[in-house]
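Student: Hey, dropping target.txt in here, compact mmCIF, C-alpha atoms and all ligand atoms:
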```
# COMPACT_ATOMS: atom_id res chain seq x y z
CA MET U 1 0.00 0.00 0.00
CA LEU U 2 2.67 2.42 1.14
CA SER U 3 4.96 1.39 -1.66
CA THR U 4 2.22 1.90 -4.25
CA TRP U 5 1.69 5.39 -2.86
CA ARG U 6 5.40 6.17 -2.98
CA ALA U 7 5.69 4.79 -6.51
CA MET U 8 2.88 7.01 -7.74
CA LYS U 9 3.90 10.13 -9.65
CA LEU U 10 4.12 13.19 -7.47
CA TRP U 11 1.48 15.21 -9.31
CA LYS U 12 -1.05 12.42 -8.81
CA ARG U 13 -0.28 12.35 -5.11
CA VAL U 14 -0.65 16.14 -4.94
CA PHE U 15 -4.08 15.98 -6.56
CA ILE U 16 -5.18 13.16 -4.28
CA GLY U 17 -4.05 15.34 -1.35
CA LEU U 18 -6.09 18.22 -2.76
CA ALA U 19 -9.24 16.12 -3.15
CA LEU U 20 -8.87 14.51 0.28
CA GLY U 21 -8.32 17.94 1.81
CA ILE U 22 -11.59 19.19 0.33
CA ILE U 23 -13.43 16.11 1.63
CA VAL U 24 -11.91 16.36 5.11
CA GLY U 25 -12.59 20.12 5.28
CA LEU U 26 -16.22 19.76 4.22
CA GLY U 27 -16.60 16.81 6.62
CA LEU U 28 -15.37 18.97 9.50
CA HIS U 29 -17.51 21.93 8.50
CA TYR U 30 -20.73 20.00 8.13
CA GLY U 31 -20.04 17.08 10.46
CA LEU U 32 -19.14 19.19 13.47
CA GLY U 33 -20.99 22.39 12.61
CA ALA U 34 -19.49 25.52 11.07
CA ASP U 35 -17.93 26.97 14.24
CA ARG U 36 -16.49 23.80 15.69
CA GLY U 37 -15.38 22.65 12.22
CA ALA U 38 -13.59 25.93 11.59
CA GLU U 39 -11.92 25.72 15.00
CA ILE U 40 -10.61 22.19 14.46
CA ALA U 41 -9.49 22.99 10.91
CA THR U 42 -7.60 26.05 12.10
CA LYS U 43 -6.10 24.32 15.12
CA TYR U 44 -5.05 21.02 13.59
CA PHE U 45 -4.72 21.51 9.84
CA LYS U 46 -3.62 25.08 9.29
CA PRO U 47 -0.29 24.67 11.17
CA PHE U 48 0.72 21.79 8.88
CA GLY U 49 -0.26 23.80 5.82
CA ASP U 50 1.68 26.80 7.10
CA ALA U 51 4.69 24.61 7.81
CA PHE U 52 4.69 23.38 4.22
CA VAL U 53 4.33 26.92 2.86
CA ASN U 54 7.18 28.10 5.09
CA LEU U 55 9.37 25.26 3.88
CA ILE U 56 8.98 26.25 0.25
CA LYS U 57 9.17 29.96 0.99
CA MET U 58 12.45 29.27 2.77
CA LEU U 59 13.91 28.26 -0.59
CA ILE U 60 12.87 31.32 -2.59
CA VAL U 61 15.88 33.53 -1.83
CA PRO U 62 18.59 30.83 -2.09
CA LEU U 63 16.97 29.43 -5.21
CA ILE U 64 16.71 32.75 -7.04
CA VAL U 65 20.27 33.76 -6.25
CA THR U 66 21.92 30.44 -7.05
CA THR U 67 19.94 29.53 -10.16
CA LEU U 68 20.14 33.02 -11.57
CA VAL U 69 23.88 33.43 -11.02
CA SER U 70 24.62 29.97 -12.42
CA GLY U 71 22.12 30.64 -15.21
CA VAL U 72 23.91 33.80 -16.31
CA ILE U 73 27.22 31.94 -16.19
CA ALA U 74 25.67 29.16 -18.30
CA MET U 75 24.69 31.74 -20.93
CA GLY U 76 28.39 32.37 -21.34
CA ASP U 77 27.84 35.77 -22.94
CA PRO U 78 26.44 38.83 -21.12
CA LYS U 79 24.98 40.11 -24.40
CA ARG U 80 22.40 37.35 -24.37
CA ILE U 81 20.74 38.87 -21.32
CA GLY U 82 19.37 41.77 -23.36
CA SER U 83 17.59 39.57 -25.89
CA LEU U 84 16.31 37.26 -23.18
CA GLY U 85 14.96 40.20 -21.18
CA ALA U 86 13.25 41.82 -24.16
CA ARG U 87 11.63 38.55 -25.27
CA THR U 88 10.45 37.81 -21.74
CA ILE U 89 8.86 41.19 -21.15
CA GLY U 90 7.29 41.25 -24.63
CA LEU U 91 5.68 37.85 -24.12
CA TYR U 92 4.53 38.67 -20.61
CA LEU U 93 2.76 41.77 -21.89
CA LEU U 94 1.23 39.88 -24.81
CA THR U 95 -0.28 37.13 -22.64
CA THR U 96 -1.59 39.70 -20.17
CA PHE U 97 -3.21 41.60 -23.04
CA PHE U 98 -5.16 38.47 -24.05
CA ALA U 99 -6.04 37.77 -20.43
CA VAL U 100 -7.50 41.13 -19.64
CA TRP U 101 -9.70 41.23 -22.74
CA LEU U 102 -10.83 37.67 -22.16
CA GLY U 103 -11.90 38.64 -18.64
CA ILE U 104 -13.79 41.66 -19.93
CA ILE U 105 -15.58 39.69 -22.66
CA VAL U 106 -16.56 36.84 -20.33
CA ALA U 107 -17.84 39.31 -17.70
CA ALA U 108 -19.84 41.16 -20.35
CA ILE U 109 -21.51 37.88 -21.31
CA VAL U 110 -21.96 36.22 -17.90
CA GLN U 111 -23.04 39.51 -16.25
CA PRO U 112 -21.95 38.51 -12.73
CA GLY U 113 -22.98 41.84 -11.21
CA SER U 114 -26.45 42.32 -12.57
CA GLY U 115 -29.14 42.29 -9.90
CA MET U 116 -26.55 42.27 -7.11
CA SER U 117 -26.96 45.79 -5.84
CA ASP U 118 -29.18 44.92 -2.84
CA LEU U 119 -26.95 42.08 -1.80
CA ILE U 120 -23.92 44.33 -1.98
CA GLN U 121 -25.53 46.97 0.23
CA SER U 122 -26.09 44.23 2.79
CA SER U 123 -22.37 43.58 3.06
CA ALA U 124 -21.90 47.01 4.66
CA GLY U 125 -20.98 45.32 7.97
CA ALA U 126 -17.88 43.77 6.48
CA SER U 127 -16.64 46.97 4.94
CA ASP U 128 -14.92 48.17 8.13
CA THR U 129 -12.54 45.22 8.03
CA VAL U 130 -11.78 45.90 4.40
CA ALA U 131 -11.32 49.62 4.99
CA ASP U 132 -8.83 48.80 7.78
CA LYS U 133 -6.85 46.42 5.64
CA LEU U 134 -6.91 48.96 2.87
CA ARG U 135 -5.42 51.62 5.07
CA ASN U 136 -2.53 49.28 5.89
CA ALA U 137 -2.08 48.33 2.26
CA GLY U 138 -2.25 52.00 1.23
CA ALA U 139 0.78 52.74 3.36
CA ALA U 140 2.82 50.49 1.10
CA LYS U 141 1.71 52.13 -2.16
CA LYS U 142 4.62 53.34 -4.29
CA SER U 143 4.87 55.66 -7.24
CA LEU U 144 6.30 54.32 -10.50
CA SER U 145 9.70 55.93 -10.02
CA GLU U 146 9.91 54.62 -6.45
CA TYR U 147 8.95 51.20 -7.73
CA LEU U 148 11.70 51.26 -10.35
CA LEU U 149 14.30 52.65 -7.96
CA ALA U 150 13.53 49.90 -5.47
CA ILE U 151 14.74 47.39 -8.05
CA ILE U 152 18.30 48.53 -7.31
CA PRO U 153 19.02 47.25 -3.81
CA THR U 154 21.19 49.53 -1.68
CA ASN U 155 21.90 46.46 0.40
CA PRO U 156 21.53 43.07 -1.30
CA VAL U 157 21.54 41.26 2.02
CA ALA U 158 18.66 43.39 3.27
CA ALA U 159 16.84 42.78 -0.03
CA ALA U 160 17.28 39.05 0.54
CA ALA U 161 16.03 39.38 4.11
CA LYS U 162 12.93 41.22 2.92
CA GLY U 163 12.37 38.69 0.14
CA ASP U 164 12.48 41.53 -2.37
CA VAL U 165 12.50 39.45 -5.53
CA LEU U 166 13.07 42.09 -8.22
CA ALA U 167 15.99 43.59 -6.29
CA LEU U 168 17.50 40.13 -5.86
CA ILE U 169 17.11 39.39 -9.57
CA PHE U 170 18.91 42.63 -10.39
CA PHE U 171 21.80 41.88 -8.04
CA SER U 172 22.12 38.24 -9.09
CA ILE U 173 22.28 39.11 -12.79
CA LEU U 174 25.03 41.64 -12.09
CA LEU U 175 26.88 39.12 -9.98
CA GLY U 176 26.69 36.55 -12.80
CA ILE U 177 27.92 39.10 -15.35
CA GLY U 178 30.74 40.09 -13.00
CA ILE U 179 31.83 36.46 -12.67
CA LEU U 180 31.77 35.99 -16.45
CA LEU U 181 33.77 39.11 -17.15
CA THR U 182 36.34 38.29 -14.48
CA GLY U 183 37.33 35.19 -16.45
CA GLU U 184 39.78 32.72 -14.94
CA LYS U 185 39.96 34.39 -11.54
CA GLY U 186 36.16 34.45 -11.18
CA LYS U 187 35.83 30.75 -11.91
CA PRO U 188 35.90 29.46 -8.31
CA VAL U 189 33.03 31.78 -7.36
CA GLY U 190 31.11 30.62 -10.44
CA ASP U 191 31.74 26.97 -9.58
CA PHE U 192 30.50 27.63 -6.08
CA PHE U 193 27.18 29.04 -7.33
CA GLU U 194 26.74 26.23 -9.83
CA SER U 195 27.20 23.63 -7.16
CA ALA U 196 25.00 25.57 -4.71
CA ALA U 197 22.22 25.71 -7.31
CA GLU U 198 22.27 21.90 -7.56
CA VAL U 199 22.10 21.58 -3.80
CA VAL U 200 19.17 23.98 -3.42
CA MET U 201 17.32 22.19 -6.20
CA LYS U 202 17.85 18.89 -4.40
CA ILE U 203 16.34 20.39 -1.23
CA THR U 204 13.36 21.61 -3.30
CA MET U 205 12.74 18.06 -4.52
CA MET U 206 12.95 16.76 -0.94
CA ILE U 207 10.42 19.29 0.30
CA MET U 208 8.14 18.58 -2.63
CA GLU U 209 7.75 15.04 -1.35
CA LEU U 210 5.73 16.65 1.44
CA ALA U 211 3.49 18.51 -1.00
CA PRO U 212 0.59 16.01 -0.95
CA TYR U 213 0.28 16.37 2.82
CA GLY U 214 0.81 20.14 2.81
CA VAL U 215 -1.81 20.58 0.12
CA LEU U 216 -4.22 18.31 2.02
CA ALA U 217 -3.79 20.38 5.20
CA LEU U 218 -4.26 23.69 3.36
CA MET U 219 -7.41 22.56 1.58
CA ALA U 220 -8.86 21.02 4.76
CA TRP U 221 -8.30 24.34 6.50
CA VAL U 222 -9.83 26.49 3.71
CA MET U 223 -12.87 24.24 3.29
CA GLY U 224 -13.23 23.56 7.03
CA VAL U 225 -13.43 27.29 7.74
CA ASN U 226 -15.60 28.30 4.79
CA GLY U 227 -17.57 25.22 3.79
CA LEU U 228 -19.55 25.47 0.59
CA ALA U 229 -20.63 28.97 1.57
CA ILE U 230 -17.42 29.93 -0.20
CA LEU U 231 -19.48 29.55 -3.37
CA GLY U 232 -22.49 31.38 -1.94
CA SER U 233 -23.94 34.33 -3.76
CA MET U 234 -20.68 34.63 -5.60
CA GLY U 235 -21.71 31.85 -7.95
CA LYS U 236 -21.75 33.97 -11.09
CA LEU U 237 -18.60 35.90 -10.26
CA ALA U 238 -16.79 32.64 -9.53
CA LEU U 239 -18.18 31.17 -12.73
CA ALA U 240 -17.00 34.12 -14.81
CA LEU U 241 -13.51 34.01 -13.28
CA TYR U 242 -13.08 30.25 -13.54
CA LEU U 243 -14.37 30.26 -17.10
CA ALA U 244 -12.09 33.08 -18.24
CA CYS U 245 -9.10 31.50 -16.49
CA PHE U 246 -9.78 28.10 -18.05
CA LEU U 247 -10.07 29.70 -21.48
CA GLN U 248 -6.82 31.57 -20.97
CA ILE U 249 -5.03 28.42 -19.82
CA ILE U 250 -6.40 26.16 -22.55
CA LEU U 251 -6.62 28.50 -25.54
CA ILE U 252 -3.77 30.91 -24.99
CA TYR U 253 -1.20 28.77 -23.15
CA GLY U 254 -2.08 25.26 -24.33
CA GLY U 255 -3.27 26.31 -27.80
CA LEU U 256 -1.56 29.46 -28.99
CA ILE U 257 1.71 29.18 -27.12
CA VAL U 258 2.43 25.47 -26.74
CA LYS U 259 0.75 24.06 -29.85
CA VAL U 260 1.06 26.89 -32.36
CA ILE U 261 4.24 28.70 -31.34
CA LEU U 262 6.20 25.88 -29.72
CA LYS U 263 4.67 23.11 -31.85
CA LEU U 264 4.74 20.79 -28.85
CA PRO U 265 2.02 18.65 -27.23
CA ALA U 266 -0.15 20.70 -24.86
CA LYS U 267 -0.94 17.64 -22.77
CA ARG U 268 2.74 17.22 -21.84
CA PHE U 269 2.87 20.86 -20.85
CA PHE U 270 0.00 20.49 -18.40
CA PHE U 271 1.21 17.19 -16.97
CA GLY U 272 4.65 18.70 -16.60
CA ILE U 273 3.40 21.60 -14.49
CA ALA U 274 0.75 19.69 -12.54
CA ASP U 275 2.72 19.80 -9.26
CA ALA U 276 3.11 23.55 -9.51
CA LEU U 277 -0.60 23.96 -10.27
CA GLY U 278 -1.60 21.88 -7.23
CA VAL U 279 0.65 23.94 -5.00
CA ALA U 280 -0.52 27.22 -6.57
CA TYR U 281 -4.17 26.29 -6.06
CA SER U 282 -3.74 25.37 -2.43
CA THR U 283 -1.37 28.17 -1.38
CA SER U 284 -2.86 31.05 -3.46
CA SER U 285 0.62 32.46 -3.82
CA SER U 286 2.75 32.53 -6.96
CA SER U 287 5.78 33.52 -4.92
CA ALA U 288 5.44 30.60 -2.54
CA THR U 289 4.99 28.28 -5.53
CA LEU U 290 8.09 29.61 -7.30
CA PRO U 291 10.57 26.90 -6.26
CA VAL U 292 8.14 24.23 -7.48
CA THR U 293 7.50 26.14 -10.70
CA ILE U 294 11.22 26.32 -11.44
CA SER U 295 11.69 22.66 -10.66
CA CYS U 296 8.80 21.60 -12.95
CA ALA U 297 10.02 23.78 -15.82
CA GLU U 298 13.55 22.41 -15.60
CA HIS U 299 12.90 18.75 -14.91
CA ASN U 300 9.64 18.07 -16.70
CA LEU U 301 9.69 20.54 -19.58
CA GLY U 302 13.40 20.73 -20.31
CA VAL U 303 13.69 24.50 -19.88
CA ASP U 304 17.36 25.26 -19.32
CA LYS U 305 18.18 26.68 -15.91
CA SER U 306 19.56 29.88 -17.43
CA VAL U 307 16.03 30.62 -18.62
CA ALA U 308 13.94 29.03 -15.84
CA GLY U 309 16.03 30.70 -13.16
CA SER U 310 15.59 34.19 -14.60
CA VAL U 311 12.25 34.24 -16.44
CA LEU U 312 10.20 32.50 -13.74
CA PRO U 313 11.17 34.63 -10.70
CA MET U 314 10.44 37.71 -12.79
CA GLY U 315 7.11 36.22 -13.87
CA ALA U 316 6.09 35.41 -10.31
CA THR U 317 6.36 39.12 -9.54
CA ILE U 318 5.24 40.90 -12.69
CA ASN U 319 3.28 38.49 -14.87
CA MET U 320 -0.16 37.83 -13.44
CA ASP U 321 -2.68 36.97 -16.11
CA GLY U 322 -5.21 35.47 -13.69
CA THR U 323 -5.01 38.65 -11.66
CA ALA U 324 -5.52 40.79 -14.77
CA ILE U 325 -8.58 38.70 -15.69
CA TYR U 326 -9.91 39.07 -12.17
CA LEU U 327 -9.45 42.84 -12.02
CA GLY U 328 -11.26 43.29 -15.33
CA ILE U 329 -14.13 41.12 -14.13
CA VAL U 330 -14.40 42.96 -10.80
CA CYS U 331 -14.62 46.30 -12.63
CA LEU U 332 -17.45 45.07 -14.81
CA PHE U 333 -19.08 43.41 -11.80
CA ALA U 334 -19.17 46.80 -10.07
CA ALA U 335 -20.45 48.56 -13.16
CA GLN U 336 -23.25 46.02 -13.58
CA ALA U 337 -24.17 46.09 -9.89
CA PHE U 338 -24.30 49.87 -9.66
CA GLY U 339 -25.72 50.34 -13.16
CA LEU U 340 -22.74 52.44 -14.27
CA ASP U 341 -22.16 53.46 -17.86
CA VAL U 342 -19.54 51.44 -19.70
CA THR U 343 -18.34 52.97 -22.95
CA MET U 344 -15.61 51.73 -25.27
CA GLY U 345 -13.31 54.21 -23.56
CA THR U 346 -14.12 52.65 -20.18
CA TYR U 347 -13.19 49.22 -21.50
CA PHE U 348 -9.80 50.52 -22.59
CA MET U 349 -9.31 52.21 -19.23
CA ILE U 350 -10.16 48.95 -17.48
CA ALA U 351 -7.78 46.98 -19.70
CA LEU U 352 -4.92 49.39 -19.15
CA SER U 353 -5.35 49.78 -15.41
CA ALA U 354 -5.89 46.05 -14.87
CA THR U 355 -2.66 45.31 -16.77
CA MET U 356 -0.70 47.83 -14.72
CA ALA U 357 -2.18 46.68 -11.44
CA SER U 358 -1.42 43.05 -12.28
CA VAL U 359 2.22 43.98 -12.86
CA GLY U 360 2.33 45.80 -9.53
CA ALA U 361 0.51 43.12 -7.51
CA ALA U 362 2.65 40.97 -5.25
CA GLY U 363 2.52 37.18 -5.59
CA ILE U 364 0.84 36.67 -2.24
CA PRO U 365 -2.70 35.66 -1.22
CA SER U 366 -5.36 38.30 -1.90
CA ALA U 367 -2.82 40.81 -3.23
CA SER U 368 -5.10 42.07 -5.98
CA LEU U 369 -8.26 42.28 -3.89
CA PHE U 370 -7.10 45.52 -2.33
CA LEU U 371 -5.70 46.90 -5.55
CA ALA U 372 -9.19 46.53 -6.98
CA VAL U 373 -10.44 49.32 -4.70
CA GLY U 374 -8.05 51.79 -6.31
CA LEU U 375 -9.02 50.56 -9.74
CA LEU U 376 -12.73 51.06 -9.14
CA GLN U 377 -12.07 54.58 -7.95
CA GLY U 378 -9.79 55.35 -10.88
CA VAL U 379 -11.90 53.89 -13.66
CA PHE U 380 -15.42 54.81 -12.54
CA GLY U 381 -14.73 57.67 -10.16
CA LEU U 382 -16.44 55.80 -7.33
CA ASP U 383 -15.71 57.20 -3.91
CA GLU U 384 -13.76 55.07 -1.49
CA ALA U 385 -16.83 53.97 0.48
CA GLN U 386 -18.59 52.63 -2.63
CA ALA U 387 -15.49 50.86 -3.86
CA VAL U 388 -14.92 49.35 -0.43
CA LEU U 389 -18.50 48.12 -0.40
CA ILE U 390 -17.92 46.07 -3.54
CA ILE U 391 -14.67 44.63 -2.26
CA ALA U 392 -16.18 43.91 1.17
CA PHE U 393 -18.78 41.85 -0.61
CA ILE U 394 -16.19 39.80 -2.46
CA PHE U 395 -13.81 39.60 0.51
CA PRO U 396 -15.25 36.55 2.32
CA PHE U 397 -15.13 34.43 -0.84
CA ASP U 398 -11.97 35.76 -2.32
CA ARG U 399 -9.91 32.71 -1.46
CA LEU U 400 -11.77 30.57 -3.98
CA LEU U 401 -11.13 33.16 -6.68
CA ASP U 402 -7.56 33.70 -5.57
CA MET U 403 -6.76 30.00 -5.94
CA MET U 404 -7.81 30.02 -9.58
CA ARG U 405 -6.09 33.24 -10.52
CA THR U 406 -2.87 31.98 -8.92
CA VAL U 407 -3.06 28.79 -11.02
CA THR U 408 -3.44 30.97 -14.10
CA ASN U 409 -0.60 33.26 -13.06
CA VAL U 410 1.75 30.32 -12.61
CA SER U 411 0.73 28.57 -15.86
CA GLY U 412 1.34 31.79 -17.77
CA ASP U 413 4.81 32.15 -16.31
CA VAL U 414 5.82 28.65 -17.41
CA ALA U 415 4.27 29.03 -20.88
CA VAL U 416 6.33 32.17 -21.44
CA ALA U 417 9.48 30.61 -19.94
CA SER U 418 9.16 27.63 -22.33
CA THR U 419 8.78 29.94 -25.32
CA VAL U 420 11.71 32.14 -24.38
CA ALA U 421 13.75 28.96 -23.85
CA LYS U 422 12.86 27.71 -27.32
CA TRP U 423 13.73 31.04 -28.96
CA GLU U 424 17.02 31.11 -27.11
CA GLY U 425 17.80 27.53 -28.14
CA GLN U 426 17.57 26.46 -24.49
CA LEU U 427 14.60 24.09 -24.59
CA ASP U 428 15.29 20.37 -24.49
CA GLU U 429 12.31 19.15 -26.47
CA GLU U 430 13.10 15.51 -25.76
CA VAL U 431 12.54 16.17 -22.06
CA PHE U 432 9.37 18.15 -22.82
CA LYS U 433 7.92 15.31 -24.86
CA ALA U 434 9.12 12.52 -22.56
CA VAL U 435 6.52 10.61 -20.64
CA SER U 436 8.51 10.42 -17.45
CA VAL U 437 7.23 13.21 -15.29
CA HIS U 438 8.72 12.47 -11.88
N1 LIG M 501 -2.59 35.48 -5.12
C1 LIG M 501 -2.18 35.88 -6.43
C2 LIG M 501 -0.82 35.30 -6.73
O1 LIG M 501 -0.04 35.06 -5.84
C3 LIG M 501 -2.15 37.36 -6.60
C4 LIG M 501 -3.54 37.92 -6.54
O2 LIG M 501 -4.05 38.21 -5.45
O3 LIG M 501 -4.17 38.08 -7.61
O4 LIG M 501 -0.49 35.06 -7.85
```
Can you give me the file's structure in the form of C-alpha cells?

Tutor:
Amino acid sequence: MLSTWRAMKLWKRVFIGLALGIIVGLGLHYGLGADRGAEIATKYFKPFGDAFVNLIKMLIVPLIVTTLVSGVIAMGDPKRIGSLGARTIGLYLLTTFFAVWLGIIVAAIVQPGSGMSDLIQSSAGASDTVADKLRNAGAAKKSLSEYLLAIIPTNPVAAAAKGDVLALIFFSILLGIGILLTGEKGKPVGDFFESAAEVVMKITMMIMELAPYGVLALMAWVMGVNGLAILGSMGKLALALYLACFLQIILIYGGLIVKVILKLPAKRFFFGIADALGVAYSTSSSSATLPVTISCAEHNLGVDKSVAGSVLPMGATINMDGTAIYLGIVCLFAAQAFGLDVTMGTYFMIALSATMASVGAAGIPSASLFLAVGLLQGVFGLDEAQAVLIIAFIFPFDRLLDMMRTVTNVSGDVAVASTVAKWEGQLDEEVFKAVSVH
C-alpha cells in the first residue's frame, strides 16, 4: 500500500491530497458544525499547511540567487541577457493583453454583477474590516519611479532578508555578469554558485515530497473554515472568473503558445506543471509556488536553468494573467451592480489599469483584492466607500477566486518561460515530450 503510494507520480499524489483535503474540510464543517469545524481545521490543519508553505518559501531567496547566477554563467555571454529580457517582457505583456480582454468579454456575457446591488448593500458590515486592511495596504503604495528605484538594492543582504525578488534578480544578474567578465579568476566563485544551485534544487525536490500532505492540510483548512458557503452568492462571479481563467489556460497557453508557437504537445505541458498547479491552487501564492514552478520547468519541460532561473522569478512578480482577468471582471461586476455606464473608452481604461495593477501586484494571497479598490475609484470615479462596499462583498469568498487566478498566473509564467527557452535555443524538447514526469 505504502509502496504503491510512494511509486505514484508526485502530481497524482498532490491531486489526491487536494481532493482529500476538500473532503476532510467539508466533513469537518458540516459534520461538526461551522464553528467547531472551523476551529478544528484552524487548530489542527492550518499549522501543517503553514509549515509546508514556510518550507517552500524558505527556498525562494537561495533558489533565485543560485539559479540566476549559475544561469547567467551558463549563458556564457552577457549580451544574451538583453535579448532574453526583451523577449520575456514582450511575451509577458502579450499574454496579459489576451487575459485582460478575455476577462472583460466573459464578464460582459456572464453579467456577474447584474441584480446584485441589494446584496452588496447588505455587506456594509464587512466593509470596516476591508477599509482597515486597505489603510494598511495603502501605506505600502509606491509611485512608478519609487517602484523602479527599489529594483536597485542599496543592500543586497537586506533585499534578501525582505524577500524583495526584483531587487534580488537585479543583483544576481550583475553578480553573474561580473563572474563571467572576471574570467579565470572568477571561476571558483562561479563553480561555487553552480554547485549551490544543484544543492538547493535537491532540497526543493525533498520538500516537494511533502506537498501532498501540505496541500491536504491547506485545503482542509480552507474548506473547514468556509464550507460550501465559499461559493455562496458569488456563484456567477466565480463562474466568470473560472471560465475566463480556463479559457486563458487552454486556448492561450495550451493552444496558442504550446501548440502553435512551440509546436509541442499541450498535454505534456499540463502534466509537466501539474505539481506547480496543485501547490498554486492550495497556497494562493505565486511567490510561494516559485521553487516548485522552477523545478517543474527544468525537470519536466526541459527548460534550461539559465532561462527558468531568470524568467520565472520575474514572472512570479510581474506576470499575473489570472489577476488581470480578475481585475477586469471585478470592474465590470461593479459597473453592472451599480448600473454604471460602460463605454468603449471605459473598456480601454479597465484593460490598461488592470494590466498595470497586475504587474504591480505581489505574488501573495489576496494581493489584488485591495488593488481593486483603487481601480474602481480610478476607472469609474467611485468614492472610497462605494469601492470598499464592492470589495467587502467579495472579501469573504476571495480565497476561492484567488486559488484560480494563482493557477493561471503560474501557468502563464511557465508558458512564457518555455517559449523564451525555445527562442534562445535552451529548450530540451526531448525532455518536454518525454513521458517520465517524476
Ligand atoms: N494570489 C495571487 C498570486 O499570488 C495574486 C492575486 O491576489 O491576484 O499570484

Student: Give the residues close to ligand LIG 501 (chain M), within 9 Å, counting all atoms listed in the file; write them as a PyMOL selection string.

Tutor: chain U and resi 280+283-289+316-317+319-324+326-327+358+361-371+398-399+401-410

Student: For a test of reading the model, state the distance in Å between CA of Glu39 (chain U) and CA of Ile22 (chain U), rounded to one decimal.

Tutor: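 CA of Glu39 (chain U) sits 16.1 Å away from CA of Ile22 (chain U).
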
Student: Nearest residue to Gly227 (chain U) out of U:Trp423, U:Tyr44, U:Phe333, U:Phe397, using only C-alpha atoms?

Tutor: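 For Gly227 (chain U), the nearest of the candidates is U:Phe397.
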
Student: Just checking: using all atoms listed in the file, which residue out of U:Ile329, U:Ala372, U:Ala421, U:Met208 ends up closest to Asp304 (chain U)?

Tutor: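 Smallest distance to Asp304 (chain U) is found for U:Ala421.
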
Student: Write out as a PyMOL selection string each polymer residue whose atoms come within 8 Å of region 193-200 of chain U, counting all atoms listed in the file; drop sequence neighbours fewer than 6 positions from it.

Tutor: chain U and resi 59+62-63+66-67+69-70

Student: Could you give me, as a tab-separated table, every region 295-400 of chain U residue with an atom at most 12 Å from region 84-104 of chain U, plus its closest atom pair and distance in Å to one decimal, counting all atoms listed in the file, rows ordered by chain then number?

Tutor:
```
residue	atom	partner	partner_atom	distance
U:Ser306	CA	U:Leu84	CA	9.9
U:Val307	CA	U:Leu84	CA	8.1
U:Ala308	CA	U:Thr88	CA	11.1
U:Gly309	CA	U:Leu84	CA	12.0
U:Ser310	CA	U:Gly85	CA	8.9
U:Val311	CA	U:Thr88	CA	6.6
U:Leu312	CA	U:Thr88	CA	9.6
U:Pro313	CA	U:Thr88	CA	11.5
U:Met314	CA	U:Thr88	CA	9.0
U:Gly315	CA	U:Tyr92	CA	7.6
U:Ala316	CA	U:Tyr92	CA	10.9
U:Thr317	CA	U:Tyr92	CA	11.2
U:Ile318	CA	U:Tyr92	CA	8.3
U:Asn319	CA	U:Tyr92	CA	5.9
U:Met320	CA	U:Thr96	CA	7.1
U:Asp321	CA	U:Thr96	CA	5.0
U:Gly322	CA	U:Ala99	CA	7.2
U:Thr323	CA	U:Val100	CA	8.7
U:Ala324	CA	U:Val100	CA	5.3
U:Ile325	CA	U:Gly103	CA	4.4
U:Tyr326	CA	U:Gly103	CA	6.8
U:Leu327	CA	U:Val100	CA	8.0
U:Gly328	CA	U:Ile104	CA	5.5
U:Ile329	CA	U:Gly103	CA	5.6
U:Val330	CA	U:Ile104	CA	9.2
U:Cys331	CA	U:Ile104	CA	8.7
U:Leu332	CA	U:Ile104	CA	7.2
U:Phe333	CA	U:Ile104	CA	9.9
U:Ala335	CA	U:Ile104	CA	11.7
U:Val342	CA	U:Ile104	CA	11.3
U:Met344	CA	U:Ile104	CA	11.5
U:Thr346	CA	U:Ile104	CA	11.0
U:Tyr347	CA	U:Ile104	CA	7.7
U:Phe348	CA	U:Trp101	CA	9.3
U:Met349	CA	U:Val100	CA	11.2
U:Ile350	CA	U:Ile104	CA	8.5
U:Ala351	CA	U:Val100	CA	5.9
U:Leu352	CA	U:Val100	CA	8.7
U:Ser353	CA	U:Val100	CA	9.9
U:Ala354	CA	U:Val100	CA	7.0
U:Thr355	CA	U:Thr96	CA	6.6
U:Met356	CA	U:Thr96	CA	9.8
U:Ala357	CA	U:Thr96	CA	11.2
U:Ser358	CA	U:Thr96	CA	8.6
U:Val359	CA	U:Thr96	CA	9.3
```

Student: Please measure the separation of CA of Leu251 (chain U) and CA of Ala266 (chain U), giving the value in Å to one decimal.

Tutor: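 Rounded to one decimal, the two atoms are 10.2 Å apart.
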
Student: When you count only C-alpha atoms, which of these residues is closest to Ala158 (chain U): U:Ile249, U:Leu237, U:Val61, U:Leu262?

Tutor: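 Looking at the shortest contact to Ala158 (chain U), the residue is U:Val61.
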
Student: Could you check how far CA of Tyr281 (chain U) sits from CA of Ser3 (chain U), in Å to one decimal?

Tutor: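 The value is 26.9 Å.
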
Student: Applying 9 Å and all atoms listed in the file, which residues near region 173-187 of chain U remain after dropping the ones on its own chain fewer than 3 positions away? List them as a PDB file with C-alpha atoms, keeping the file's coordinate frame.

Tutor:
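Below is the file that was written, selection.pdb:
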```
ATOM      1  CA  VAL U  65      20.270  33.760  -6.250  1.00  0.00           C
ATOM      2  CA  LEU U  68      20.140  33.020 -11.570  1.00  0.00           C
ATOM      3  CA  VAL U  69      23.880  33.430 -11.020  1.00  0.00           C
ATOM      4  CA  SER U  70      24.620  29.970 -12.420  1.00  0.00           C
ATOM      5  CA  GLY U  71      22.120  30.640 -15.210  1.00  0.00           C
ATOM      6  CA  VAL U  72      23.910  33.800 -16.310  1.00  0.00           C
ATOM      7  CA  ILE U  73      27.220  31.940 -16.190  1.00  0.00           C
ATOM      8  CA  GLY U  76      28.390  32.370 -21.340  1.00  0.00           C
ATOM      9  CA  ASP U  77      27.840  35.770 -22.940  1.00  0.00           C
ATOM     10  CA  PRO U  78      26.440  38.830 -21.120  1.00  0.00           C
ATOM     11  CA  ILE U  81      20.740  38.870 -21.320  1.00  0.00           C
ATOM     12  CA  LEU U 168      17.500  40.130  -5.860  1.00  0.00           C
ATOM     13  CA  ILE U 169      17.110  39.390  -9.570  1.00  0.00           C
ATOM     14  CA  PHE U 170      18.910  42.630 -10.390  1.00  0.00           C
ATOM     15  CA  GLY U 190      31.110  30.620 -10.440  1.00  0.00           C
ATOM     16  CA  ASP U 191      31.740  26.970  -9.580  1.00  0.00           C
ATOM     17  CA  PHE U 192      30.500  27.630  -6.080  1.00  0.00           C
ATOM     18  CA  SER U 310      15.590  34.190 -14.600  1.00  0.00           C
TER      19      SER U 310
END
```

Student: Could you check which of U:Phe393, U:Ser411, U:Glu209, U:Met234 is closest to Met8 (chain U), using all atoms listed in the file?

Tutor: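 Result for the nearest residue to Met8 (chain U): U:Glu209.
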